[in-house]
Every structure is written in structure tokens, then in C-alpha cells.
$ cat model-v8.cif   # mmCIF, C-alpha atoms
data_work
loop_
_atom_site.label_atom_id
_atom_site.label_comp_id
_atom_site.auth_asym_id
_atom_site.auth_seq_id
_atom_site.Cartn_x
_atom_site.Cartn_y
_atom_site.Cartn_z
CA MET A 1 39.15 1.41 -17.40
CA ALA A 2 39.99 2.54 -13.87
CA VAL A 3 36.41 3.74 -13.44
CA TYR A 4 35.24 0.12 -13.23
CA LEU A 5 37.34 -0.35 -10.08
CA GLN A 6 35.27 2.21 -8.18
CA PRO A 7 33.14 0.69 -5.37
CA ARG A 8 30.12 2.57 -6.71
CA LEU A 9 30.34 0.61 -9.98
CA LEU A 10 30.36 -2.70 -8.10
CA THR A 11 27.27 -1.53 -6.22
CA VAL A 12 25.58 -0.72 -9.52
CA LEU A 13 26.54 -4.13 -10.98
CA LEU A 14 25.09 -6.02 -8.00
CA MET A 15 21.89 -3.96 -8.14
CA GLY A 16 21.66 -4.89 -11.82
CA PHE A 17 21.85 -8.54 -10.75
CA SER A 18 18.88 -8.05 -8.40
CA SER A 19 17.02 -6.33 -11.23
CA GLY A 20 17.52 -9.15 -13.75
CA LEU A 21 17.00 -12.08 -11.36
CA PRO A 22 13.17 -12.04 -11.02
CA PHE A 23 12.40 -11.19 -14.66
CA LEU A 24 12.38 -14.78 -15.97
CA LEU A 25 10.91 -16.19 -12.76
CA SER A 26 7.54 -14.72 -13.73
CA GLY A 27 8.19 -15.30 -17.45
CA GLY A 28 10.10 -17.95 -19.38
CA THR A 29 11.23 -20.02 -16.38
CA LEU A 30 7.70 -20.08 -14.98
CA LYS A 31 6.32 -21.22 -18.35
CA ILE A 32 8.55 -24.28 -18.26
CA TRP A 33 7.00 -25.17 -14.90
CA LEU A 34 3.52 -24.62 -16.34
CA THR A 35 4.31 -26.86 -19.30
CA GLU A 36 5.50 -29.62 -16.98
CA ALA A 37 2.24 -29.26 -15.06
CA HIS A 38 0.45 -30.19 -18.35
CA LEU A 39 -1.51 -26.96 -18.63
CA SER A 40 -3.10 -26.04 -21.92
CA PHE A 41 -1.07 -23.78 -24.19
CA THR A 42 -3.94 -21.28 -23.99
CA ASP A 43 -3.41 -20.94 -20.23
CA ILE A 44 0.36 -20.75 -20.64
CA GLY A 45 0.04 -18.01 -23.25
CA LEU A 46 -2.24 -15.98 -20.99
CA PHE A 47 0.51 -15.91 -18.38
CA SER A 48 2.26 -13.35 -20.59
CA LEU A 49 -0.20 -10.84 -19.16
CA VAL A 50 1.44 -10.96 -15.73
CA GLY A 51 4.39 -9.09 -17.26
CA LEU A 52 2.31 -6.02 -18.15
CA SER A 53 3.73 -4.34 -15.04
CA TYR A 54 7.04 -3.89 -16.87
CA SER A 55 5.24 -1.93 -19.59
CA LEU A 56 2.98 0.10 -17.29
CA LYS A 57 5.43 0.96 -14.52
CA PHE A 58 5.66 4.59 -15.64
CA PHE A 59 2.18 5.08 -14.16
CA TRP A 60 3.32 4.50 -10.57
CA ALA A 61 6.96 5.50 -11.05
CA PRO A 62 6.22 9.10 -9.88
CA VAL A 63 4.98 7.70 -6.56
CA LEU A 64 8.24 5.82 -6.04
CA ASP A 65 10.15 8.86 -7.22
CA ARG A 66 8.51 11.44 -4.99
CA LEU A 67 6.98 9.74 -1.94
CA PRO A 68 9.40 9.29 1.01
CA LEU A 69 8.81 6.37 3.38
CA PRO A 70 8.06 7.69 6.90
CA LEU A 71 10.28 5.38 9.00
CA LEU A 72 12.99 4.06 6.73
CA GLY A 73 13.28 7.19 4.60
CA PRO A 74 15.02 9.52 7.11
CA TRP A 75 17.43 6.71 8.05
CA LEU A 76 18.33 5.16 4.69
CA GLY A 77 17.31 7.82 2.21
CA ARG A 78 14.41 7.79 -0.24
CA ARG A 79 15.96 5.40 -2.80
CA ARG A 80 17.46 2.83 -0.45
CA SER A 81 14.39 2.73 1.79
CA TRP A 82 12.15 1.90 -1.17
CA LEU A 83 14.66 -0.68 -2.37
CA VAL A 84 14.74 -2.44 1.01
CA LEU A 85 10.94 -2.48 1.24
CA LEU A 86 10.44 -3.77 -2.32
CA GLN A 87 13.08 -6.47 -1.99
CA ALA A 88 11.59 -7.70 1.29
CA ALA A 89 8.20 -7.96 -0.42
CA LEU A 90 9.78 -9.63 -3.47
CA ILE A 91 11.35 -12.33 -1.26
CA ILE A 92 7.93 -13.13 0.20
CA ALA A 93 6.31 -13.14 -3.26
CA LEU A 94 8.89 -15.52 -4.74
CA ILE A 95 8.51 -17.93 -1.82
CA GLY A 96 4.72 -17.71 -2.27
CA LEU A 97 5.05 -18.39 -6.00
CA GLY A 98 7.28 -21.40 -5.34
CA ALA A 99 4.86 -22.74 -2.73
CA SER A 100 1.95 -22.64 -5.18
CA ASP A 101 1.14 -25.55 -7.44
CA PRO A 102 -0.17 -24.62 -10.92
CA ALA A 103 -1.52 -28.15 -11.42
CA ILE A 104 -3.79 -27.76 -8.36
CA ASP A 105 -4.55 -24.03 -8.07
CA LEU A 106 -3.63 -22.12 -11.20
CA HIS A 107 -5.24 -18.88 -10.00
CA ARG A 108 -2.99 -18.77 -6.96
CA THR A 109 0.09 -19.25 -9.15
CA ALA A 110 -1.10 -16.48 -11.48
CA LEU A 111 -1.69 -14.11 -8.56
CA TRP A 112 1.77 -14.67 -7.09
CA ALA A 113 3.36 -14.34 -10.55
CA ALA A 114 1.61 -11.00 -11.08
CA VAL A 115 2.80 -9.79 -7.66
CA VAL A 116 6.39 -10.83 -8.47
CA ALA A 117 6.26 -8.97 -11.81
CA PHE A 118 4.80 -5.84 -10.19
CA LEU A 119 7.42 -5.76 -7.42
CA SER A 120 10.22 -6.51 -9.90
CA ALA A 121 9.13 -3.69 -12.22
CA SER A 122 8.86 -1.31 -9.25
CA GLN A 123 12.32 -2.34 -8.10
CA ASP A 124 13.67 -1.47 -11.56
CA VAL A 125 12.33 2.07 -11.21
CA VAL A 126 14.11 2.58 -7.89
CA ILE A 127 17.37 0.97 -9.05
CA ASP A 128 17.52 3.13 -12.18
CA ALA A 129 16.97 6.29 -10.16
CA TYR A 130 19.50 5.20 -7.53
CA ARG A 131 22.15 4.51 -10.18
CA ILE A 132 21.71 7.88 -11.87
CA GLU A 133 21.91 9.80 -8.60
CA LEU A 134 24.81 7.74 -7.20
CA LEU A 135 27.20 8.14 -10.13
CA ALA A 136 28.99 11.22 -11.36
CA ALA A 137 28.34 12.44 -14.91
CA GLU A 138 31.55 10.88 -16.24
CA GLU A 139 30.63 7.53 -14.66
CA GLN A 140 27.16 7.20 -16.20
CA GLY A 141 28.35 5.32 -19.31
CA ALA A 142 30.33 2.84 -17.25
CA GLY A 143 27.37 2.57 -14.89
CA ALA A 144 25.04 1.64 -17.75
CA ALA A 145 27.49 -1.06 -18.85
CA ALA A 146 27.85 -2.39 -15.29
CA THR A 147 24.08 -2.49 -14.94
CA GLN A 148 23.73 -4.55 -18.13
CA ILE A 149 26.44 -6.99 -17.01
CA GLY A 150 24.73 -7.46 -13.66
CA TYR A 151 21.33 -7.76 -15.34
CA ARG A 152 22.57 -10.52 -17.66
CA LEU A 153 24.07 -12.38 -14.70
CA GLY A 154 20.68 -12.08 -12.98
CA LEU A 155 18.99 -13.53 -16.07
CA ILE A 156 21.39 -16.47 -16.02
CA ALA A 157 20.60 -17.09 -12.34
CA GLY A 158 16.82 -16.77 -12.84
CA GLY A 159 16.95 -18.93 -15.97
CA LEU A 160 19.79 -21.44 -15.96
CA GLY A 161 20.22 -21.52 -12.17
CA ALA A 162 16.54 -21.84 -11.36
CA ILE A 163 15.98 -24.56 -13.96
CA TYR A 164 18.98 -26.60 -12.81
CA LEU A 165 17.81 -26.41 -9.19
CA ALA A 166 14.33 -27.51 -10.22
CA THR A 167 15.89 -30.44 -12.09
CA GLY A 168 18.01 -31.53 -9.14
CA PHE A 169 15.40 -30.84 -6.45
CA ASN A 170 11.99 -29.31 -7.26
CA TRP A 171 10.45 -25.98 -8.19
CA GLN A 172 9.74 -25.05 -4.57
CA VAL A 173 13.41 -25.35 -3.61
CA SER A 174 14.39 -23.46 -6.76
CA PHE A 175 12.18 -20.44 -6.01
CA VAL A 176 13.29 -20.31 -2.36
CA ALA A 177 16.92 -20.27 -3.53
CA MET A 178 16.14 -17.44 -5.94
CA ALA A 179 14.43 -15.52 -3.11
CA VAL A 180 17.63 -15.83 -1.06
CA LEU A 181 19.59 -14.17 -3.90
CA VAL A 182 17.24 -11.18 -4.22
CA PRO A 183 18.83 -8.99 -1.47
CA ILE A 184 22.31 -9.04 -3.06
CA GLY A 185 21.71 -5.67 -4.71
CA GLY A 186 20.01 -4.23 -1.62
CA ILE A 187 22.89 -5.23 0.65
CA ALA A 188 25.35 -3.68 -1.80
CA ALA A 189 23.32 -0.47 -1.75
CA LEU A 190 23.24 -0.40 2.06
CA LEU A 191 27.01 -0.94 2.28
CA GLY A 192 27.67 1.61 -0.43
CA PRO A 193 27.49 5.40 -0.20
CA LYS A 194 24.19 7.16 0.32
CA PRO A 195 23.29 9.11 -2.82
CA PRO A 196 22.52 12.82 -2.50
CA GLU A 197 18.88 13.56 -1.76
CA THR A 198 17.21 15.51 -4.56
CA GLN A 199 14.07 17.56 -4.11
CA PRO A 200 11.20 15.90 -6.01
CA PRO A 201 9.71 18.19 -8.67
CA ARG A 202 6.36 19.75 -7.90
CA GLY A 203 3.28 20.04 -10.06
CA PHE A 204 0.64 17.86 -11.59
CA TRP A 205 2.76 14.88 -12.65
CA LEU A 206 0.35 13.51 -15.28
CA LYS A 207 0.69 16.65 -17.41
CA THR A 208 4.46 16.92 -17.11
CA ALA A 209 5.12 13.18 -17.32
CA VAL A 210 2.70 12.16 -20.08
CA VAL A 211 0.73 14.96 -21.75
CA ASP A 212 3.56 17.39 -22.52
CA PRO A 213 5.97 14.78 -23.91
CA PHE A 214 3.23 13.26 -26.09
CA ALA A 215 2.20 16.69 -27.41
CA ASP A 216 5.83 17.43 -28.25
CA PHE A 217 6.09 14.10 -30.10
CA ILE A 218 3.04 14.89 -32.25
CA GLN A 219 4.32 18.38 -33.04
CA ARG A 220 7.76 17.21 -34.14
CA HIS A 221 6.69 14.17 -36.21
CA PRO A 222 4.12 14.77 -38.97
CA ALA A 223 3.87 11.00 -39.50
CA TRP A 224 3.28 10.43 -35.78
CA LEU A 225 0.22 8.25 -36.27
CA ALA A 226 2.07 5.89 -38.62
CA LEU A 227 4.96 5.76 -36.15
CA LEU A 228 2.59 4.82 -33.31
CA PHE A 229 1.32 1.92 -35.42
CA PHE A 230 4.80 0.85 -36.47
CA ILE A 231 6.29 0.74 -32.96
CA PRO A 232 4.04 -2.05 -31.58
CA LEU A 233 4.05 -3.91 -34.91
CA TYR A 234 7.83 -4.16 -35.26
CA ARG A 235 9.11 -7.31 -33.53
CA PHE A 236 5.50 -8.27 -32.73
CA GLY A 237 5.67 -11.55 -34.65
CA ASP A 238 9.06 -12.32 -33.13
CA ALA A 239 7.77 -11.58 -29.64
CA VAL A 240 4.64 -13.71 -30.08
CA ALA A 241 6.75 -16.71 -31.09
CA GLY A 242 9.26 -16.08 -28.32
CA GLU A 243 6.58 -16.02 -25.64
CA MET A 244 5.63 -19.63 -26.43
CA ALA A 245 9.17 -20.87 -27.22
CA PRO A 246 10.00 -22.29 -23.74
CA SER A 247 6.81 -24.40 -23.74
CA PHE A 248 7.52 -25.47 -27.33
CA TYR A 249 10.97 -26.84 -26.46
CA ILE A 250 9.73 -28.75 -23.41
CA TRP A 251 6.80 -30.11 -25.44
CA LEU A 252 9.31 -31.42 -28.02
CA GLY A 253 10.92 -33.51 -25.30
CA PHE A 254 13.98 -31.45 -24.35
CA THR A 255 14.83 -31.67 -20.68
CA LYS A 256 14.95 -28.57 -18.52
CA ALA A 257 18.75 -28.92 -18.30
CA GLU A 258 19.14 -29.18 -22.10
CA TYR A 259 16.95 -26.15 -22.69
CA ALA A 260 18.63 -24.09 -19.97
CA SER A 261 22.16 -24.94 -21.13
CA VAL A 262 21.49 -23.93 -24.72
CA SER A 263 19.07 -21.04 -24.20
CA LYS A 264 20.44 -19.37 -21.08
CA LEU A 265 24.17 -19.69 -21.85
CA PHE A 266 24.67 -20.04 -25.60
CA GLY A 267 21.53 -17.98 -26.23
CA ILE A 268 22.80 -15.02 -24.22
CA ILE A 269 26.11 -15.09 -26.09
CA ALA A 270 24.20 -15.14 -29.39
CA ALA A 271 21.99 -12.26 -28.22
CA LEU A 272 24.99 -10.13 -27.24
CA SER A 273 26.57 -10.90 -30.62
CA GLY A 274 23.37 -9.75 -32.28
CA VAL A 275 23.38 -6.52 -30.27
CA SER A 276 26.95 -5.82 -31.39
CA LEU A 277 26.12 -6.61 -35.02
CA GLY A 278 23.00 -4.44 -34.83
CA GLY A 279 25.04 -1.49 -33.58
CA VAL A 280 27.47 -1.86 -36.50
CA LEU A 281 24.62 -2.09 -39.03
CA VAL A 282 22.95 1.03 -37.65
CA TYR A 283 26.25 2.87 -37.95
CA ARG A 284 27.03 1.61 -41.47
CA LEU A 285 23.58 1.42 -43.10
CA GLY A 286 21.47 3.82 -41.05
CA VAL A 287 18.72 2.91 -38.65
CA MET A 288 15.92 2.45 -41.20
CA LYS A 289 17.84 -0.03 -43.37
CA ALA A 290 19.01 -1.87 -40.25
CA LEU A 291 15.38 -2.15 -39.15
CA LEU A 292 14.43 -3.49 -42.58
CA LEU A 293 17.15 -6.15 -42.48
CA GLY A 294 16.09 -7.07 -38.95
CA GLY A 295 12.49 -7.50 -40.11
CA MET A 296 13.57 -9.89 -42.85
CA LEU A 297 15.60 -11.91 -40.34
CA GLN A 298 12.57 -12.11 -38.02
CA ILE A 299 10.69 -14.03 -40.72
CA LEU A 300 13.61 -16.46 -41.08
CA ALA A 301 13.93 -16.88 -37.30
CA ASN A 302 10.23 -17.66 -36.85
CA LEU A 303 10.26 -20.23 -39.64
CA THR A 304 13.32 -21.86 -38.06
CA TYR A 305 10.98 -23.09 -35.30
CA VAL A 306 9.21 -25.18 -37.95
CA VAL A 307 12.53 -26.79 -38.86
CA GLN A 308 13.05 -27.57 -35.18
CA LEU A 309 9.58 -29.14 -35.07
CA TRP A 310 10.47 -31.40 -38.00
CA ALA A 311 13.82 -32.31 -36.39
CA GLY A 312 12.19 -33.04 -33.03
CA HIS A 313 14.41 -33.70 -30.03
CA ASP A 314 17.68 -32.81 -31.74
CA VAL A 315 20.17 -30.82 -29.63
CA PRO A 316 22.42 -29.64 -32.53
CA VAL A 317 19.35 -28.26 -34.31
CA LEU A 318 18.33 -26.63 -31.01
CA PHE A 319 21.64 -24.75 -31.02
CA VAL A 320 20.87 -23.49 -34.53
CA THR A 321 17.28 -22.52 -33.70
CA ILE A 322 18.13 -20.66 -30.51
CA GLY A 323 21.24 -19.15 -32.10
CA ILE A 324 19.25 -17.65 -34.98
CA GLU A 325 16.43 -16.62 -32.65
CA GLN A 326 18.68 -14.81 -30.16
CA LEU A 327 21.01 -13.31 -32.77
CA THR A 328 18.00 -11.85 -34.56
CA ALA A 329 16.48 -10.60 -31.31
CA GLY A 330 19.72 -8.86 -30.37
CA LEU A 331 20.16 -7.28 -33.81
CA CYS A 332 16.56 -6.08 -33.98
CA GLY A 333 16.71 -4.87 -30.40
CA ALA A 334 19.78 -2.71 -31.03
CA ALA A 335 18.28 -1.18 -34.19
CA PHE A 336 14.91 -0.64 -32.47
CA VAL A 337 16.50 1.08 -29.46
CA ALA A 338 18.40 3.38 -31.85
CA PHE A 339 15.16 4.10 -33.71
CA LEU A 340 13.18 4.92 -30.56
CA SER A 341 16.04 7.02 -29.21
CA GLY A 342 16.12 9.05 -32.42
CA LEU A 343 12.41 9.81 -32.10
CA CYS A 344 12.85 11.41 -28.68
CA SER A 345 13.19 15.13 -28.07
CA PRO A 346 16.17 16.31 -25.99
CA ALA A 347 13.67 18.03 -23.70
CA TYR A 348 11.75 14.81 -22.92
CA THR A 349 14.22 12.04 -23.74
CA ALA A 350 13.62 9.74 -20.77
CA THR A 351 9.86 10.20 -20.65
CA GLN A 352 9.25 9.82 -24.38
CA TYR A 353 11.48 6.76 -24.57
CA ALA A 354 9.65 5.18 -21.63
CA LEU A 355 6.27 5.86 -23.22
CA LEU A 356 7.28 4.57 -26.67
CA SER A 357 8.88 1.40 -25.30
CA ALA A 358 5.84 0.87 -23.07
CA LEU A 359 3.61 1.05 -26.16
CA PHE A 360 5.60 -1.79 -27.72
CA GLY A 361 5.68 -3.86 -24.52
CA PHE A 362 1.98 -3.47 -23.83
CA ALA A 363 1.03 -4.52 -27.35
CA TYR A 364 3.10 -7.67 -27.53
CA ARG A 365 2.25 -8.85 -24.00
CA SER A 366 -1.48 -8.25 -24.30
CA LEU A 367 -2.00 -9.43 -27.88
CA GLY A 368 0.78 -12.01 -27.69
CA SER A 369 -0.99 -13.74 -24.82
CA ALA A 370 -3.36 -15.27 -27.40
CA GLY A 371 -0.52 -17.36 -28.85
CA GLY A 372 -1.31 -20.38 -26.69
CA PHE A 373 -4.92 -20.32 -27.89
CA ILE A 374 -3.72 -20.54 -31.51
CA VAL A 375 -1.43 -23.48 -30.66
CA ASP A 376 -4.24 -25.38 -28.92
CA TRP A 377 -6.64 -24.92 -31.81
CA PHE A 378 -4.41 -25.11 -34.89
CA GLY A 379 -1.05 -26.60 -33.84
CA TRP A 380 2.55 -25.43 -33.83
CA VAL A 381 3.17 -25.13 -37.58
CA PRO A 382 0.27 -22.72 -38.26
CA PHE A 383 1.27 -20.76 -35.14
CA PHE A 384 4.86 -20.22 -36.25
CA VAL A 385 3.87 -19.51 -39.85
CA LEU A 386 1.36 -16.94 -38.57
CA SER A 387 4.04 -15.36 -36.37
CA ALA A 388 6.21 -14.97 -39.49
CA ILE A 389 3.32 -13.42 -41.43
CA LEU A 390 2.74 -10.95 -38.58
CA VAL A 391 6.12 -9.40 -39.41
CA LEU A 392 4.97 -8.34 -42.89
CA PRO A 393 2.73 -5.38 -41.85
CA SER A 394 5.63 -3.75 -40.02
CA ILE A 395 7.90 -4.18 -43.06
CA ALA A 396 5.28 -2.62 -45.33
CA LEU A 397 4.83 0.31 -42.95
CA LEU A 398 8.60 0.71 -42.62
CA LEU A 399 9.00 0.90 -46.40
CA TRP A 400 6.27 3.55 -46.50
CA LEU A 401 8.05 5.58 -43.82
CA MET A 402 11.39 5.27 -45.63
CA HIS A 403 9.93 6.78 -48.81
CA ARG A 404 8.25 9.75 -47.16
CA PRO A 405 10.32 12.76 -46.03
CA GLU A 406 8.28 13.13 -42.83
CA GLY A 407 8.67 9.43 -42.17
CA MET A 408 12.43 9.68 -41.82
CA ALA A 409 12.00 10.56 -38.20
CA THR A 410 15.48 9.78 -37.02
CA ALA A 411 19.05 10.28 -38.18
CA PRO A 412 21.24 8.50 -35.64
CA ALA A 413 24.76 9.68 -35.04
#

$ encode --input "model-v8.cif" --output "C-alpha cells"
Amino acid sequence: MAVYLQPRLLTVLLMGFSSGLPFLLSGGTLKIWLTEAHLSFTDIGLFSLVGLSYSLKFFWAPVLDRLPLPLLGPWLGRRRSWLVLLQAALIIALIGLGASDPAIDLHRTALWAAVVAFLSASQDVVIDAYRIELLAAEEQGAGAAATQIGYRLGLIAGGLGAIYLATGFNWQVSFVAMAVLVPIGGIAALLGPKPPETQPPRGFWLKTAVVDPFADFIQRHPAWLALLFFIPLYRFGDAVAGEMAPSFYIWLGFTKAEYASVSKLFGIIAALSGVSLGGVLVYRLGVMKALLLGGMLQILANLTYVVQLWAGHDVPVLFVTIGIEQLTAGLCGAAFVAFLSGLCSPAYTATQYALLSALFGFAYRSLGSAGGFIVDWFGWVPFFVLSAILVLPSIALLLWLMHRPEGMATAPA
């Protein structure tokens, strides 16, 4: 445990905070603001598209990885110079987002939200690289844990903190306060040690970063096409429902404070419990059976929203709904991460994992953005029932993979 007392680990934790802070500010927290502005659910659903940067960041990650900044680079180093620049831009973008008014100029709000998501995703690339280079090999596990702790604290600030400030003051004050918190990780990095400078690899990055890992994946997995269909389908129904959940709760009459208290505190505890349970199930049952159980629970979780609709503004039922939702998300997330990790080749682990997870993220953000349209046209009950039905194709495909030798693509330790 002494490793956690190292100053480098505190630096990593605070950078994780800066990484998690802006995520909800262009996502769930923003959607609460949009709901209060009485926008259509179609428009609110389309705001999921601003988060595509998180799924597509591997396209510009090589630029951040290899290109040194001319003035700051020689002074601060390649990683810290990019971090300072991105955080300065992120502060401006958050203030700009807070100064916009979605009820008056929705396009301006959407533009600032997209800029925040792009800068946040880019910051994640730099922070991940900085952490890996800063820590010794024996500290990497502790560093990953510290990052997750900091990231969760950032989510609480960008969710619970931002919503409480908007309740007590207004959304403009809330986003300015969040902008003030952004540099915490950057300041920690500047006060911490400078990581060793590594020579960026040479060569045509598109071939080495995308083509070669994808070719290796096809060669090693005979059922590769089925796997590429399964990856975006699994958790798709859960993700579609989750994208509209914040607006659903506010529409039911819950206050921002009620939603934030249950979702951003109790919900995170439930999610972490689900992650722990998912890890145990993967170990005891194997990853494929854990995925199957998770798929069944997704159907239950999505139908729980219908129960909440019938109950209306009922806080105890809200605890149950969010508890089941977050527990299921954590369990499925742990099993899904184990599944994706098992698909990756040791020669291309990081790249293949990034590409596979990006495939899932791109699918649910792009297709899931139509959720608001369904709500506007058909109502909440058909929407949630449809989200439960959308889980069934992934379960059918999973059963097919489980009964084919080439489909058993992973055997987790």
C-alpha cells in the first residue's frame, strides 16, 4: 500500500479528476439543462452526437502523441505542454457553454458542447500517455486505480456539484465554477516530476495504428465478422435508454437536487458494486456466461424505467430504478471489458482495444441519438420497451458465438 503514498500517484489521481470533470458537462448534466429549457426530446437525443469525439479520438491521438509544441514543448515537455494548452482551451469552452442559452440559440450551445467534448477527449489522450510514462512498471496497477478514483471524483463534481450549483444559483455560475476546477490536474502535473521524453515512432501511422491491428484481428478470429456485429449490439439497448434517462427523470418532476443526490452519489456506489460483481462472475462463470447474464439484466433494467413511469415522482422507487440501472451497467461493463481485452493480441493490445471500444461507442452515440425522436412520436413506454427489445439481437448472437468453436474468442484468466 506504500505505493499510494508516492507523490506521482497523487499527481495521477488529480489528473484523473480533470479527466472525469468535463465528461458529464457535455452529456448527462447538459441534458438536464436542455430539459429545463423545454426542448423537444428529439433535440435532446441528438445532443448525444457531441460525444462522438470520445469514440473517434484515436484518429487524432497520433498528432498529440508525436507533435511537439514549439514554445511550450522545450520548457514543459511534450505531454505537459499539450495538457496546459488543452486545459486552457477547455476553460474557455466551458465558460462559453455556460454563457450560451439553449432556449434562445440552440446551435450555439451545441457548438460549445461539441468543442468541450473534443477538448476533453483530447485531454484524455494526453493524460493517459503522461501517466504511463510517469510511473514505473510496478506502479502502473496502482496508477490505473488512482486514475479511476480521480475520474469518479471528477464525475461527481461534474454531475452532483454542477447540478447543485445550478439549483442554488444558475447554469452560468455552475459552468464557470466547473471551469475553475479544470486546471487541478494540470497544476499537479506542473508541480510533479517531468516524465522522460520518449522518441515518437516513425512511419506511416495509419498503417501501424489501424491497418495492421485490424488485419491481425481478422487473421486470429475466424468469426470476426460476427464479433464486429456483436460488439456494437451488446449494451446498445441499455445505452439508448441511458442517454435519455436524465431528461426522463426531470420530465417526471424530480428536482435537479433529487436526481443528482440519487444518481451521482448512490448511483456511483451501485455502479462500483456492479463492477465488482461483474469481475467475480467473469472469474467464476467465464466471460461468455457473464455476458449472457448481463444481457438478461439489461432487459430487466430497461423495463424498470416503465415501473418508474407508473410510480411517477416517487423518490424510493427512483432509488430502485437507478440502483438496478447502475448495478447492471457496472456488471455488464466489467464483463464487456474482459471480453474485449480477451479479443486483443499481445502485439496490438492497446490499439485493438481502442478500436473495438470505439466501434461500440460510435454505434451507440450515433444510433442512440434517435432516442429522443422515438419519445416525441410514440411516448416513454414504447421507447423503453423498444430499448429492452434491442437487447435481444445481441443475446441471440452471443448464444451463436458460444456454440461455435471459433466463436469462443476469449478465455480470460

$ resolve_selection --input "model-v8.cif" --expression "the PyMOL selection byres ((chain A and resi 283) around 12)" --output "ChimeraX atom specification"
/A:276-282,284-290,334-335,338-339,411-413

$ residues_around --input "model-v8.cif" --residues "Ile184 in chain A" --least-positions-apart "4" --cutoff "10 Å" --atoms "all atoms listed in the file" --output "list in words"
Thr11, Leu14, Met15, Gly16, Phe17, Ser18, Gln87, Val180, Ala188 and Ala189 of chain A

$ write_last_selection --input "model-v8.cif" --atoms "C-alpha atoms" --output "tab-separated table (two decimals), in the coordinates of the input"
chain	number	residue	atom	x	y	z
A	11	THR	CA	27.27	-1.53	-6.22
A	14	LEU	CA	25.09	-6.02	-8.00
A	15	MET	CA	21.89	-3.96	-8.14
A	16	GLY	CA	21.66	-4.89	-11.82
A	17	PHE	CA	21.85	-8.54	-10.75
A	18	SER	CA	18.88	-8.05	-8.40
A	87	GLN	CA	13.08	-6.47	-1.99
A	180	VAL	CA	17.63	-15.83	-1.06
A	188	ALA	CA	25.35	-3.68	-1.80
A	189	ALA	CA	23.32	-0.47	-1.75

$ resolve_selection --input "model-v8.cif" --expression "the PyMOL selection byres ((chain A and resi 177) around 12)" --output "list in words"
Leu21, Pro22, Leu25, Ile91, Leu94, Ile95, Gly98, Ala157, Gly158, Gly161, Ala162, Ile163, Tyr164, Leu165, Ala166, Phe169, Asn170, Trp171, Gln172, Val173, Ser174, Phe175, Val176, Met178, Ala179, Val180, Leu181, Val182 and Pro183 of chain A

$ residues_around --input "model-v8.cif" --residues "range 221-228 of chain A" --least-positions-apart "3" --cutoff "12 Å" --atoms "only C-alpha atoms" --output "ChimeraX atom specification"
/A:214-218,231-234,339-340,342-345,355-360,363,393-394,396-410

$ axis_aligned_box --input "model-v8.cif" --around "range 329-333 of chain A" --padding-each-side "8 Å" --output "AutoDock Vina command-line options"
--center_x 18.3 --center_y -7.7 --center_z -32.2 --size_x 19.7 --size_y 21.7 --size_z 19.6

$ residues_near_point --input "model-v8.cif" --point "(9.1, -2.8, -0.4)" --cutoff "12 Å" --atoms "all atoms listed in the file" --output "PyMOL selection string"
chain A and resi 64+69+72-73+78-93+115-116+118-123+126+183+186

$ resolve_selection --input "model-v8.cif" --expression "the PyMOL selection byres ((chain A and resi 306) around 12)" --output "count of residues only"
31

$ closest_residue --input "model-v8.cif" --among "A:Val125, A:Ala329, A:Leu153, A:Leu67" --to "Ala270 in chain A" --atoms "all atoms listed in the file"
A:Ala329

$ build_atoms --input "model-v8.cif" --residues "range 332-347 of chain A" --atoms "N, CA and C atoms" --output "tab-separated table (two decimals), in the frame of the given file"
chain	number	residue	atom	x	y	z
A	332	CYS	N	17.77	-6.90	-33.90
A	332	CYS	CA	16.56	-6.08	-33.98
A	332	CYS	C	16.43	-5.16	-32.78
A	333	GLY	N	16.80	-5.68	-31.60
A	333	GLY	CA	16.71	-4.87	-30.40
A	333	GLY	C	17.61	-3.66	-30.46
A	334	ALA	N	18.86	-3.84	-30.94
A	334	ALA	CA	19.78	-2.71	-31.03
A	334	ALA	C	19.27	-1.66	-32.02
A	335	ALA	N	18.79	-2.12	-33.20
A	335	ALA	CA	18.28	-1.18	-34.19
A	335	ALA	C	17.02	-0.47	-33.68
A	336	PHE	N	16.17	-1.21	-32.97
A	336	PHE	CA	14.91	-0.64	-32.47
A	336	PHE	C	15.17	0.39	-31.38
A	337	VAL	N	16.14	0.11	-30.50
A	337	VAL	CA	16.50	1.08	-29.46
A	337	VAL	C	17.03	2.35	-30.11
A	338	ALA	N	17.88	2.20	-31.15
A	338	ALA	CA	18.40	3.38	-31.85
A	338	ALA	C	17.27	4.16	-32.50
A	339	PHE	N	16.30	3.45	-33.06
A	339	PHE	CA	15.16	4.10	-33.71
A	339	PHE	C	14.33	4.89	-32.69
A	340	LEU	N	13.97	4.25	-31.58
A	340	LEU	CA	13.18	4.92	-30.56
A	340	LEU	C	13.94	6.11	-29.97
A	341	SER	N	15.25	5.93	-29.77
A	341	SER	CA	16.04	7.02	-29.21
A	341	SER	C	16.05	8.22	-30.14
A	342	GLY	N	16.11	7.95	-31.46
A	342	GLY	CA	16.12	9.05	-32.42
A	342	GLY	C	14.80	9.79	-32.50
A	343	LEU	N	13.71	9.16	-32.08
A	343	LEU	CA	12.41	9.81	-32.10
A	343	LEU	C	12.23	10.79	-30.94
A	344	CYS	N	13.07	10.66	-29.92
A	344	CYS	CA	12.85	11.41	-28.68
A	344	CYS	C	13.44	12.81	-28.76
A	345	SER	N	12.72	13.75	-28.16
A	345	SER	CA	13.19	15.13	-28.07
A	345	SER	C	14.18	15.26	-26.93
A	346	PRO	N	15.23	16.10	-27.09
A	346	PRO	CA	16.17	16.31	-25.99
A	346	PRO	C	15.49	16.81	-24.72
A	347	ALA	N	14.36	17.48	-24.87
A	347	ALA	CA	13.67	18.03	-23.70
A	347	ALA	C	12.91	16.96	-22.92
